[in-house]
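Listing of structure39.cif; format and content: mmCIF, C-alpha atoms.
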```cif
data_run
#
loop_
_atom_site.label_atom_id
_atom_site.label_comp_id
_atom_site.auth_asym_id
_atom_site.auth_seq_id
_atom_site.Cartn_x
_atom_site.Cartn_y
_atom_site.Cartn_z
CA MET A 1 -8.57 76.11 217.09
CA ASN A 2 -8.81 72.65 215.56
CA THR A 3 -11.98 71.47 213.89
CA THR A 4 -12.54 67.75 213.62
CA VAL A 5 -14.36 65.94 210.84
CA ASP A 6 -15.40 62.45 211.89
CA ALA A 7 -15.85 60.51 208.66
CA ARG A 8 -15.36 57.08 210.19
CA GLY A 9 -17.75 54.47 208.88
CA PHE A 10 -18.61 56.45 205.78
CA SER A 11 -17.59 55.19 202.37
CA CYS A 12 -16.80 57.09 199.19
CA PRO A 13 -17.47 59.90 198.47
CA GLN A 14 -18.71 61.00 201.92
CA PRO A 15 -15.34 61.54 203.66
CA VAL A 16 -14.15 63.76 200.81
CA LEU A 17 -17.44 65.70 200.70
CA MET A 18 -17.32 66.25 204.47
CA THR A 19 -13.70 67.41 204.30
CA LEU A 20 -14.37 69.79 201.41
CA ASP A 21 -17.42 71.20 203.24
CA GLU A 22 -15.21 71.99 206.23
CA ILE A 23 -12.50 73.47 204.00
CA THR A 24 -15.02 75.87 202.47
CA LYS A 25 -16.29 76.80 205.92
CA VAL A 26 -12.99 77.60 207.63
CA ASP A 27 -10.94 78.74 204.61
CA THR A 28 -7.62 78.56 206.49
CA GLY A 29 -6.23 76.91 209.62
CA GLU A 30 -6.07 73.30 210.66
CA ILE A 31 -8.58 70.48 210.26
CA VAL A 32 -8.40 66.99 211.70
CA VAL A 33 -10.15 64.31 209.67
CA LEU A 34 -10.85 60.88 211.12
CA VAL A 35 -11.31 58.03 208.65
CA ASP A 36 -11.35 54.25 208.97
CA THR A 37 -10.15 52.93 205.61
CA ASP A 38 -6.98 53.38 203.58
CA THR A 39 -9.08 54.36 200.57
CA SER A 40 -10.64 57.24 202.51
CA LYS A 41 -7.20 58.26 203.81
CA GLU A 42 -5.86 58.51 200.26
CA ASN A 43 -8.98 60.23 198.91
CA VAL A 44 -9.12 62.83 201.67
CA SER A 45 -5.39 63.58 201.34
CA ARG A 46 -5.69 63.90 197.58
CA ALA A 47 -8.73 66.17 197.78
CA ALA A 48 -7.14 68.42 200.41
CA THR A 49 -3.94 68.77 198.38
CA SER A 50 -5.94 69.66 195.28
CA LYS A 51 -7.57 72.52 197.23
CA GLY A 52 -4.18 73.94 198.19
CA TRP A 53 -4.15 72.44 201.68
CA GLN A 54 -1.18 70.58 203.12
CA VAL A 55 -1.32 67.13 204.65
CA LYS A 56 0.65 67.83 207.83
CA ASP A 57 0.33 64.53 209.58
CA VAL A 58 -1.23 61.10 209.23
CA GLN A 59 -1.38 58.92 212.29
CA GLU A 60 -2.86 55.51 212.88
CA GLU A 61 -5.55 55.79 215.48
CA GLY A 62 -7.65 52.89 216.67
CA GLU A 63 -8.95 51.11 213.61
CA GLY A 64 -8.29 54.03 211.29
CA TYR A 65 -6.34 57.21 210.72
CA ARG A 66 -6.17 60.73 212.06
CA ILE A 67 -5.28 63.07 209.22
CA THR A 68 -4.25 66.64 209.98
CA ILE A 69 -4.48 69.07 207.10
CA SER A 70 -3.65 72.75 207.21
CA LYS A 71 -3.53 75.94 205.21
CA ASP A 72 -2.01 79.27 206.28
CA MET B 1 6.23 46.85 200.51
CA SER B 2 5.37 50.39 201.54
CA GLN B 3 6.88 51.75 198.35
CA LEU B 4 4.65 49.48 196.30
CA LYS B 5 1.72 50.55 198.43
CA ASN B 6 2.33 54.17 197.53
CA PHE B 7 2.78 53.43 193.86
CA PHE B 8 -0.74 52.12 193.23
CA ALA B 9 -2.28 55.14 194.93
CA THR B 10 -0.45 57.45 192.51
CA ARG B 11 -1.65 58.55 189.12
CA TRP B 12 0.78 56.23 187.35
CA GLY B 13 -0.39 53.43 189.61
CA ILE B 14 -4.02 53.74 188.61
CA ILE B 15 -3.04 54.19 184.96
CA ALA B 16 -0.97 51.01 185.09
CA VAL B 17 -3.86 49.06 186.59
CA GLY B 18 -6.33 50.46 184.03
CA ALA B 19 -3.92 49.49 181.25
CA PHE B 20 -3.49 46.00 182.71
CA ILE B 21 -7.25 45.35 182.74
CA GLY B 22 -7.55 46.99 179.31
CA ALA B 23 -5.00 44.55 177.90
CA PHE B 24 -6.28 41.37 179.53
CA ALA B 25 -9.98 41.87 178.76
CA PRO B 26 -9.49 41.63 174.95
CA LEU B 27 -7.03 38.79 175.55
CA LEU B 28 -9.65 36.85 177.51
CA GLN B 29 -11.94 37.32 174.52
CA GLU B 30 -9.19 36.00 172.26
CA TRP B 31 -8.83 33.03 174.64
CA GLY B 32 -12.52 32.18 174.49
CA ASN B 33 -14.76 34.68 176.28
CA PRO B 34 -17.73 36.17 174.32
CA GLY B 35 -17.45 39.11 171.91
CA ASN B 36 -16.62 42.47 173.50
CA MET B 37 -17.10 40.62 176.77
CA GLY B 38 -13.58 39.74 177.80
CA ILE B 39 -14.75 40.91 181.20
CA CYS B 40 -18.24 42.06 182.13
CA VAL B 41 -19.00 42.06 185.81
CA ALA B 42 -22.78 42.28 185.34
CA CYS B 43 -22.91 39.63 182.58
CA PHE B 44 -20.59 37.31 184.48
CA GLU B 45 -22.57 37.59 187.72
CA ARG B 46 -25.65 36.90 185.61
CA ASP B 47 -23.92 33.80 184.22
CA ILE B 48 -23.16 32.69 187.79
CA ALA B 49 -26.85 33.20 188.69
CA GLY B 50 -27.58 30.92 185.72
CA ALA B 51 -24.98 28.34 186.76
CA ILE B 52 -26.70 27.87 190.11
CA GLY B 53 -30.15 27.89 188.52
CA ILE B 54 -31.51 31.19 189.86
CA HIS B 55 -32.60 31.74 186.28
CA ARG B 56 -32.96 29.17 183.51
CA ALA B 57 -31.93 31.18 180.46
CA ALA B 58 -30.04 28.34 178.82
CA VAL B 59 -27.60 30.52 176.86
CA VAL B 60 -26.15 32.43 179.84
CA GLN B 61 -25.15 29.87 182.44
CA TYR B 62 -21.52 29.51 183.49
CA MET B 63 -19.66 29.76 186.78
CA ARG B 64 -17.33 32.59 185.74
CA PRO B 65 -13.96 32.16 187.49
CA GLU B 66 -13.09 35.81 186.78
CA ILE B 67 -15.66 36.98 189.36
CA ILE B 68 -14.39 34.46 191.92
CA GLY B 69 -10.83 35.69 191.23
CA PHE B 70 -11.82 39.35 191.67
CA VAL B 71 -13.08 38.74 195.20
CA LEU B 72 -10.30 36.38 196.27
CA GLY B 73 -7.54 38.49 194.66
CA SER B 74 -8.79 41.52 196.53
CA LEU B 75 -8.95 39.51 199.77
CA ILE B 76 -5.31 38.43 199.32
CA ALA B 77 -4.17 41.99 198.64
CA ALA B 78 -6.16 43.35 201.58
CA TYR B 79 -4.52 40.85 203.93
CA LEU B 80 -1.00 41.32 202.54
CA PHE B 81 -1.23 45.08 202.97
CA LYS B 82 -3.16 44.98 206.25
CA GLU B 83 -6.22 46.62 204.78
CA PHE B 84 -8.75 43.90 205.55
CA ARG B 85 -11.40 45.74 207.56
CA PRO B 86 -14.58 43.80 208.31
CA ARG B 87 -17.45 46.30 208.39
CA THR B 88 -21.17 46.36 207.73
CA GLY B 89 -24.41 47.99 208.77
CA SER B 90 -24.73 50.89 206.33
CA ALA B 91 -28.30 50.29 205.12
CA PRO B 92 -27.76 46.72 203.85
CA ILE B 93 -31.31 46.27 202.51
CA VAL B 94 -30.96 49.44 200.43
CA ARG B 95 -27.73 48.09 198.95
CA PHE B 96 -29.46 44.84 198.06
CA VAL B 97 -32.26 46.67 196.24
CA LEU B 98 -29.77 48.98 194.47
CA GLY B 99 -27.76 45.93 193.40
CA ALA B 100 -30.84 44.21 191.99
CA PHE B 101 -31.95 47.26 189.99
CA ALA B 102 -28.38 48.00 188.87
CA MET B 103 -28.32 44.51 187.35
CA ILE B 104 -31.75 44.96 185.75
CA GLY B 105 -30.60 48.23 184.15
CA ALA B 106 -27.27 46.79 183.03
CA LEU B 107 -28.99 43.81 181.39
CA VAL B 108 -31.31 46.10 179.43
CA PHE B 109 -28.18 47.69 177.95
CA LEU B 110 -26.30 44.37 178.02
CA GLY B 111 -23.23 45.22 180.00
CA CYS B 112 -21.71 46.78 183.09
CA PRO B 113 -19.61 49.97 182.77
CA TRP B 114 -16.53 47.83 182.05
CA ARG B 115 -18.29 46.15 179.16
CA ALA B 116 -19.72 49.47 177.94
CA LEU B 117 -16.12 50.62 177.52
CA LEU B 118 -15.03 47.28 176.02
CA ARG B 119 -17.92 47.39 173.54
CA PHE B 120 -16.91 50.93 172.57
CA ALA B 121 -13.28 49.86 172.30
CA GLY B 122 -14.39 46.99 170.04
CA GLY B 123 -16.21 49.35 167.67
CA ASP B 124 -19.79 48.84 168.91
CA GLY B 125 -21.42 52.25 168.36
CA ASN B 126 -24.44 51.31 170.51
CA ALA B 127 -22.13 51.50 173.51
CA ILE B 128 -22.00 55.30 173.08
CA PHE B 129 -25.64 55.51 174.20
CA GLY B 130 -24.91 53.21 177.11
CA LEU B 131 -21.94 55.32 178.20
CA LEU B 132 -23.97 58.53 177.91
CA GLY B 133 -26.69 56.92 180.00
CA LEU B 134 -24.13 55.81 182.56
CA ILE B 135 -22.72 59.33 182.86
CA PHE B 136 -26.21 60.84 183.14
CA GLY B 137 -27.20 58.33 185.84
CA ILE B 138 -24.04 59.10 187.82
CA TRP B 139 -24.71 62.83 187.39
CA ILE B 140 -28.16 62.39 188.98
CA GLY B 141 -26.40 60.54 191.80
CA THR B 142 -24.00 63.44 192.38
CA ARG B 143 -26.99 65.81 192.74
CA PHE B 144 -28.21 63.61 195.59
CA PHE B 145 -24.76 63.62 197.20
CA LYS B 146 -24.73 67.41 197.01
CA SER B 147 -28.06 67.56 198.80
CA GLY B 148 -26.95 65.37 201.69
CA TYR B 149 -27.75 61.83 200.53
CA ASN B 150 -25.86 59.09 202.30
CA LEU B 151 -26.54 55.58 203.53
CA GLY B 152 -25.13 56.13 207.01
CA ARG B 153 -22.08 54.78 208.78
CA ALA B 154 -20.87 51.22 208.67
CA ASP B 155 -19.61 49.63 211.87
CA LYS B 156 -16.62 47.45 212.51
CA THR B 157 -17.68 43.86 212.88
CA TYR B 158 -16.43 40.28 213.26
CA THR B 159 -13.71 39.15 210.89
CA SER B 160 -15.92 36.27 209.76
CA VAL B 161 -18.52 38.72 208.43
CA GLY B 162 -15.95 40.02 205.97
CA TRP B 163 -15.05 36.46 205.05
CA LEU B 164 -18.55 35.34 204.02
CA LEU B 165 -18.62 36.53 200.42
CA PRO B 166 -15.04 35.33 199.75
CA LEU B 167 -16.09 31.96 201.24
CA ILE B 168 -19.18 31.84 199.04
CA MET B 169 -16.92 32.48 196.04
CA LEU B 170 -14.53 29.79 197.20
CA GLY B 171 -17.50 27.46 197.55
CA PHE B 172 -18.59 28.26 193.99
CA PHE B 173 -15.08 27.44 192.79
CA ILE B 174 -15.04 24.12 194.63
CA LEU B 175 -18.44 23.27 193.11
CA MET B 176 -16.95 24.00 189.72
CA LEU B 177 -14.07 21.60 190.38
CA ILE B 178 -16.47 18.88 191.56
CA PHE B 179 -18.87 19.46 188.63
CA PRO B 180 -16.74 20.80 185.76
CA PRO B 181 -18.33 21.70 182.42
CA ILE B 182 -18.75 18.80 180.00
CA GLN B 183 -18.59 19.75 176.31
CA GLY B 184 -22.11 19.95 174.87
CA GLU B 185 -23.84 19.06 178.16
CA ALA B 186 -26.31 21.51 179.75
CA LYS B 187 -25.70 20.29 183.27
CA ASN B 188 -23.16 18.48 185.41
CA GLY B 189 -24.39 17.49 188.84
CA ILE B 190 -26.04 20.57 190.34
CA LEU B 191 -24.40 23.17 188.09
CA PHE B 192 -25.94 24.45 184.86
CA TYR B 193 -23.73 25.08 181.85
CA SER B 194 -24.72 26.68 178.53
CA ALA B 195 -24.23 24.29 175.62
CA LYS B 196 -24.50 27.24 173.21
CA GLY B 197 -24.64 31.03 173.32
CA PRO B 198 -22.45 33.47 175.29
CA GLY B 199 -22.50 31.20 178.36
CA SER B 200 -20.76 28.47 176.38
CA MET B 201 -17.93 30.80 175.39
CA HIS B 202 -15.19 30.99 177.94
CA ALA B 203 -11.44 31.05 178.32
CA PRO B 204 -9.83 28.01 180.00
CA LEU B 205 -10.79 27.85 183.68
CA ILE B 206 -7.29 28.32 185.05
CA VAL B 207 -6.58 31.29 182.76
CA SER B 208 -9.84 33.01 183.76
CA LEU B 209 -9.10 32.42 187.42
CA LEU B 210 -5.51 33.68 187.28
CA VAL B 211 -6.43 36.83 185.36
CA GLY B 212 -9.31 37.38 187.79
CA LEU B 213 -7.00 37.00 190.79
CA ALA B 214 -4.44 39.41 189.30
CA ILE B 215 -7.09 42.02 188.52
CA GLY B 216 -8.67 41.61 191.95
CA PHE B 217 -5.29 42.10 193.59
CA LEU B 218 -4.33 45.17 191.54
CA ALA B 219 -7.76 46.79 191.69
CA GLN B 220 -7.84 46.46 195.47
CA ARG B 221 -4.51 48.26 195.67
CA SER B 222 -5.45 51.02 193.23
CA ARG B 223 -9.21 51.41 194.07
CA PHE B 224 -9.98 51.21 190.33
CA CYS B 225 -13.65 52.19 189.85
CA THR B 226 -15.47 53.14 186.66
CA MET B 227 -18.43 54.79 188.41
CA GLY B 228 -16.07 56.66 190.74
CA SER B 229 -14.13 57.92 187.71
CA PHE B 230 -17.12 59.86 186.41
CA ARG B 231 -18.45 60.71 189.87
CA ASP B 232 -15.20 62.29 191.05
CA LEU B 233 -14.87 64.16 187.77
CA ILE B 234 -18.40 65.59 188.07
CA LEU B 235 -18.44 66.09 191.82
CA PHE B 236 -14.88 67.24 192.57
CA ARG B 237 -13.31 67.89 189.15
CA GLN B 238 -10.81 65.19 190.11
CA THR B 239 -9.20 63.17 187.35
CA HIS B 240 -7.37 60.56 189.43
CA LEU B 241 -9.70 57.58 188.92
CA PHE B 242 -10.65 58.84 185.48
CA SER B 243 -7.07 58.50 184.26
CA GLY B 244 -7.30 54.79 185.10
CA LEU B 245 -10.55 54.47 183.16
CA LEU B 246 -9.01 56.28 180.18
CA ALA B 247 -5.98 53.95 180.22
CA PHE B 248 -8.37 50.98 180.35
CA ALA B 249 -10.32 52.17 177.28
CA VAL B 250 -7.30 53.21 175.21
CA VAL B 251 -5.34 50.01 175.85
CA ALA B 252 -8.46 47.88 175.20
CA PHE B 253 -8.91 49.70 171.87
CA LEU B 254 -5.28 49.13 170.86
CA ALA B 255 -5.41 45.49 171.97
CA ASN B 256 -8.59 44.96 169.93
CA LEU B 257 -6.87 46.47 166.89
CA MET B 258 -3.88 44.17 167.29
CA LEU B 259 -6.03 41.08 167.89
CA GLY B 260 -8.32 41.84 164.94
CA GLN B 261 -11.28 42.33 167.29
CA PHE B 262 -12.15 45.90 166.26
CA HIS B 263 -15.29 45.96 164.08
CA PRO B 264 -16.83 49.44 163.88
CA GLY B 265 -20.59 49.70 163.35
CA PHE B 266 -24.00 49.53 165.00
CA VAL B 267 -25.67 46.40 163.62
CA ASN B 268 -24.76 42.78 164.28
CA GLN B 269 -22.47 43.65 167.17
CA PRO B 270 -21.86 40.72 169.53
CA VAL B 271 -24.36 40.43 172.41
CA ALA B 272 -25.86 43.86 171.71
CA HIS B 273 -29.03 45.46 170.36
CA THR B 274 -29.62 48.72 168.51
CA MET B 275 -32.47 50.26 170.53
CA SER B 276 -30.56 53.41 171.42
CA LEU B 277 -33.10 54.89 173.80
CA TRP B 278 -33.05 51.79 176.00
CA ASN B 279 -29.30 51.35 175.71
CA PHE B 280 -29.28 54.82 177.23
CA GLY B 281 -32.16 54.27 179.67
CA GLY B 282 -30.86 50.96 181.02
CA MET B 283 -27.53 52.53 181.87
CA VAL B 284 -29.12 55.63 183.45
CA LEU B 285 -30.70 53.23 185.92
CA ALA B 286 -27.49 51.24 186.41
CA GLY B 287 -25.33 54.38 186.73
CA LEU B 288 -27.66 55.93 189.29
CA ALA B 289 -27.81 52.70 191.32
CA PHE B 290 -24.00 52.34 191.27
CA ALA B 291 -23.59 55.97 192.32
CA LEU B 292 -26.06 55.67 195.20
CA ALA B 293 -24.31 52.48 196.35
CA GLY B 294 -20.81 53.98 196.07
CA GLY B 295 -19.16 51.81 193.45
CA CYS B 296 -19.34 50.14 190.07
CA PRO B 297 -20.00 46.38 190.12
CA GLY B 298 -16.28 45.61 189.87
CA ARG B 299 -15.45 47.91 192.77
CA GLN B 300 -18.22 46.32 194.86
CA LEU B 301 -16.51 42.93 194.39
CA PHE B 302 -13.13 44.37 195.39
CA MET B 303 -14.62 46.10 198.46
CA ALA B 304 -16.36 42.87 199.42
CA GLY B 305 -12.95 41.19 199.23
CA GLU B 306 -11.50 43.66 201.72
CA GLY B 307 -14.23 42.96 204.25
CA ASP B 308 -17.05 45.33 203.31
CA GLY B 309 -20.21 43.39 204.12
CA ASP B 310 -22.44 46.06 202.58
CA ALA B 311 -20.66 45.74 199.24
CA ALA B 312 -21.14 41.97 199.56
CA ILE B 313 -24.89 42.54 199.95
CA PHE B 314 -24.84 44.67 196.80
CA VAL B 315 -23.16 41.79 194.94
CA LEU B 316 -25.81 39.34 196.14
CA GLY B 317 -28.46 41.88 195.11
CA MET B 318 -26.98 41.90 191.61
CA ILE B 319 -26.99 38.10 191.38
CA VAL B 320 -30.62 37.93 192.52
CA GLY B 321 -31.45 40.84 190.20
CA ALA B 322 -30.12 38.74 187.32
CA GLY B 323 -32.64 36.08 188.31
CA PHE B 324 -35.48 38.61 188.12
CA SER B 325 -34.12 39.93 184.82
CA HIS B 326 -34.27 36.61 183.04
CA ASN B 327 -37.26 35.06 184.83
CA PHE B 328 -39.45 38.12 184.21
CA GLY B 329 -38.34 38.85 180.65
CA LEU B 330 -36.58 42.11 181.57
CA ALA B 331 -33.18 41.36 180.05
CA SER B 332 -32.45 42.34 176.46
CA SER B 333 -31.14 40.07 173.74
CA SER B 334 -29.62 40.80 170.35
CA LYS B 335 -33.22 41.22 169.10
CA GLY B 336 -33.86 44.14 171.47
CA VAL B 337 -35.23 44.79 174.94
CA GLY B 338 -37.22 42.08 176.71
CA PRO B 339 -41.05 42.28 176.89
CA TYR B 340 -41.02 43.93 180.33
CA GLY B 341 -37.59 45.59 180.21
CA VAL B 342 -38.86 49.13 179.69
CA VAL B 343 -41.34 48.94 182.58
CA ALA B 344 -38.62 47.53 184.83
CA VAL B 345 -36.25 50.41 184.00
CA ILE B 346 -38.95 52.96 184.83
CA ILE B 347 -39.80 51.24 188.12
CA GLY B 348 -36.10 50.99 188.93
CA LEU B 349 -35.58 54.70 188.31
CA LEU B 350 -38.54 55.53 190.57
CA VAL B 351 -37.13 53.31 193.32
CA CYS B 352 -33.69 54.96 193.01
CA LEU B 353 -35.25 58.43 193.15
CA PHE B 354 -37.24 57.37 196.22
CA ILE B 355 -34.02 56.21 197.88
CA GLY B 356 -32.13 59.33 196.82
CA PHE B 357 -34.78 61.79 197.99
CA THR B 358 -35.66 60.12 201.27
CA MET B 359 -32.19 59.24 202.55
CA ARG B 360 -30.72 62.68 202.99
CA LYS B 361 -29.29 64.25 206.11
CA LYS B 362 -28.68 67.92 206.63
#
```

Translate this file's structure into structure tokens.
Amino acid sequence: MNTTVDARGFSCPQPVLMTLDEITKVDTGEIVVLVDTDTSKENVSRAATSKGWQVKDVQEEGEGYRITISKD
Amino acid sequence: MSQLKNFFATRWGIIAVGAFIGAFAPLLQEWGNPGNMGICVACFERDIAGAIGIHRAAVVQYMRPEIIGFVLGSLIAAYLFKEFRPRTGSAPIVRFVLGAFAMIGALVFLGCPWRALLRFAGGDGNAIFGLLGLIFGIWIGTRFFKSGYNLGRADKTYTSVGWLLPLIMLGFFILMLIFPPIQGEAKNGILFYSAKGPGSMHAPLIVSLLVGLAIGFLAQRSRFCTMGSFRDLILFRQTHLFSGLLAFAVVAFLANLMLGQFHPGFVNQPVAHTMSLWNFGGMVLAGLAFALAGGCPGRQLFMAGEGDGDAAIFVLGMIVGAGFSHNFGLASSSKGVGPYGVVAVIIGLLVCLFIGFTMRKK
């Protein structure tokens, strides 16, 4: 099952903190993170990668991005 | 363009931008800016506050084109790369207060984080206490983040909201063209200019503006942030932004060596005092305020350029804070802290703690 982190509207470092919180909670699987700035997109992707997660997909959605990260 | 876009988000991208700023700051000093103050966002915003008469400290009044360039350069980059996102509404009044106290703290030390590094890279040992204070202040900020502190979501808004601070900066620049500085004169038309002191020392207008525009452009692309460098290191053990800060400091040091601007020591350093405790204390306040507001003063200018109305409010808070600093005798000088500087730092810390403790969600 997908969990979604809605970090839209938040600025640094909130989106990363929210993503890392979720990563610690679920350990493996797939997480969708919604952000609304390019900075947040880069920061979330970088943080996820550093925790051994993969950035599977980044799609433009509305005014921001839908980032899908996963870990087996 | 997409390849370029990726480059600045990489480690080498941020290192290149840090090195660029680290090279041009000492050069701006060589070209006329004050000692160890090739670029200082806090000092330069303070000089702008002086230029428009918010304070009347005669030695620190000049419409710094670097600051204008930072905002407009970032605006240009944000538009070119389709990253201009007008947004606001994340506790604006809190950002204003944080901006004001960040400035008050920075002016007790005599410098923003950029200048703390530039002072260190120029041999000013007092900067060590400022840097330690900065790191400690940011560390306190990360404790608040860990316990759920945040200022809430910003909302998308009208494009014109994002344009207001860039337009104010453009207006300042036009004023400067209408009323340019006249050698030895304290005023031209409505603008104040220092006839002596740090405010009278500046690189040629066009040079300052072009370097400012270039830095604004590059920093928008790379998200260069001195506060974020330490914050991410403490909070996430991430070295991405920090590598940019390191490049900035190392290149500034080498440039100072080459330009003959490296003078190691503690006494008689340019625009600095030797009261270590308050060099530390002032920057604890500034560091904490920057952390709670999500960016160093430079970064706030770059975010304001890409449409962030809350960052713009922080900038205005800093400019007004500079007025308080000099009108109330809070700002330091080379003789030491101002008569009410210590009290102001303590009040500022209490206000920041109040904000940090009461604005938590969990």

Using the chain letters and numbers from this file, what does the PyMOL selection byres ((chain A) within 9 of (chain B)) select? Give the answer as a PyMOL selection string.
chain A and resi 7-14+16-17+36-39+42+46-47+50+63

Compile the contact shell of Gln59 (chain A) as number ranges by chain: residues with an atom at most 12 Å away, counting only C-alpha atoms, same-chain residues fewer than 2 positions apart removed.
A: 32-36, 38, 41, 55-57, 61-69

Write out, as a PDB file, keeping the file's coordinate frame, the residues just selected, with C-alpha atoms.
```pdb
ATOM      1  CA  VAL A  32      -8.400  66.990 211.700  1.00  0.00           C
ATOM      2  CA  VAL A  33     -10.150  64.310 209.670  1.00  0.00           C
ATOM      3  CA  LEU A  34     -10.850  60.880 211.120  1.00  0.00           C
ATOM      4  CA  VAL A  35     -11.310  58.030 208.650  1.00  0.00           C
ATOM      5  CA  ASP A  36     -11.350  54.250 208.970  1.00  0.00           C
ATOM      6  CA  ASP A  38      -6.980  53.380 203.580  1.00  0.00           C
ATOM      7  CA  LYS A  41      -7.200  58.260 203.810  1.00  0.00           C
ATOM      8  CA  VAL A  55      -1.320  67.130 204.650  1.00  0.00           C
ATOM      9  CA  LYS A  56       0.650  67.830 207.830  1.00  0.00           C
ATOM     10  CA  ASP A  57       0.330  64.530 209.580  1.00  0.00           C
ATOM     11  CA  GLU A  61      -5.550  55.790 215.480  1.00  0.00           C
ATOM     12  CA  GLY A  62      -7.650  52.890 216.670  1.00  0.00           C
ATOM     13  CA  GLU A  63      -8.950  51.110 213.610  1.00  0.00           C
ATOM     14  CA  GLY A  64      -8.290  54.030 211.290  1.00  0.00           C
ATOM     15  CA  TYR A  65      -6.340  57.210 210.720  1.00  0.00           C
ATOM     16  CA  ARG A  66      -6.170  60.730 212.060  1.00  0.00           C
ATOM     17  CA  ILE A  67      -5.280  63.070 209.220  1.00  0.00           C
ATOM     18  CA  THR A  68      -4.250  66.640 209.980  1.00  0.00           C
ATOM     19  CA  ILE A  69      -4.480  69.070 207.100  1.00  0.00           C
TER      20      ILE A  69
END
```

Atomic distance CA of Val26 (chain A) - CA of Val44 (chain A), expressed in Å with one decimal:
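Pair CA of Val26 (chain A) / CA of Val44 (chain A) returns 16.4 Å.
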
Length of the CA of Gly32 (chain B) to CA of Met258 (chain B) vector [Å]
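We find that CA of Gly32 (chain B) and CA of Met258 (chain B) lie 16.4 Å from each other.
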
Name the residues that the PyMOL selection byres ((chain B and resi 60-65) around 9) pulls out of this structure, and write them as a ChimeraX atom specification.
/B:43-53,55-59,66-70,172-173,176,181,186,191-202,205-210,212

Quote the spacing between CA of Cys112 (chain B) and CA of Gly282 (chain B) in Å to one decimal place.
10.3 Å

Spell out the residues picked by the PyMOL selection byres ((chain B and resi 260) around 12) here, as an NGL selection string.
:B and (26-27 or 29-30 or 35-36 or 121-123 or 252-259 or 261-264)

Asn126 (chain B): which residues within 8 Å, counting only C-alpha atoms, same-chain residues fewer than 4 positions away excluded, as a ChimeraX atom specification?
/B:120,130,266,272-274,276,279

Find the spatial neighbours of Asp27 (chain A), counting only C-alpha atoms, within a cut-off of 10 Å - ignore same-chain residues fewer than 5 positions away - and output them as a VMD selection string.
chain A and resid 22 53 70 to 72

Which of B:Phe230, B:Phe248, B:Phe357, B:Phe144 sits closest to Gly287 (chain B) [using only C-alpha atoms]
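Closest residue, counting only C-alpha atoms: B:Phe230.
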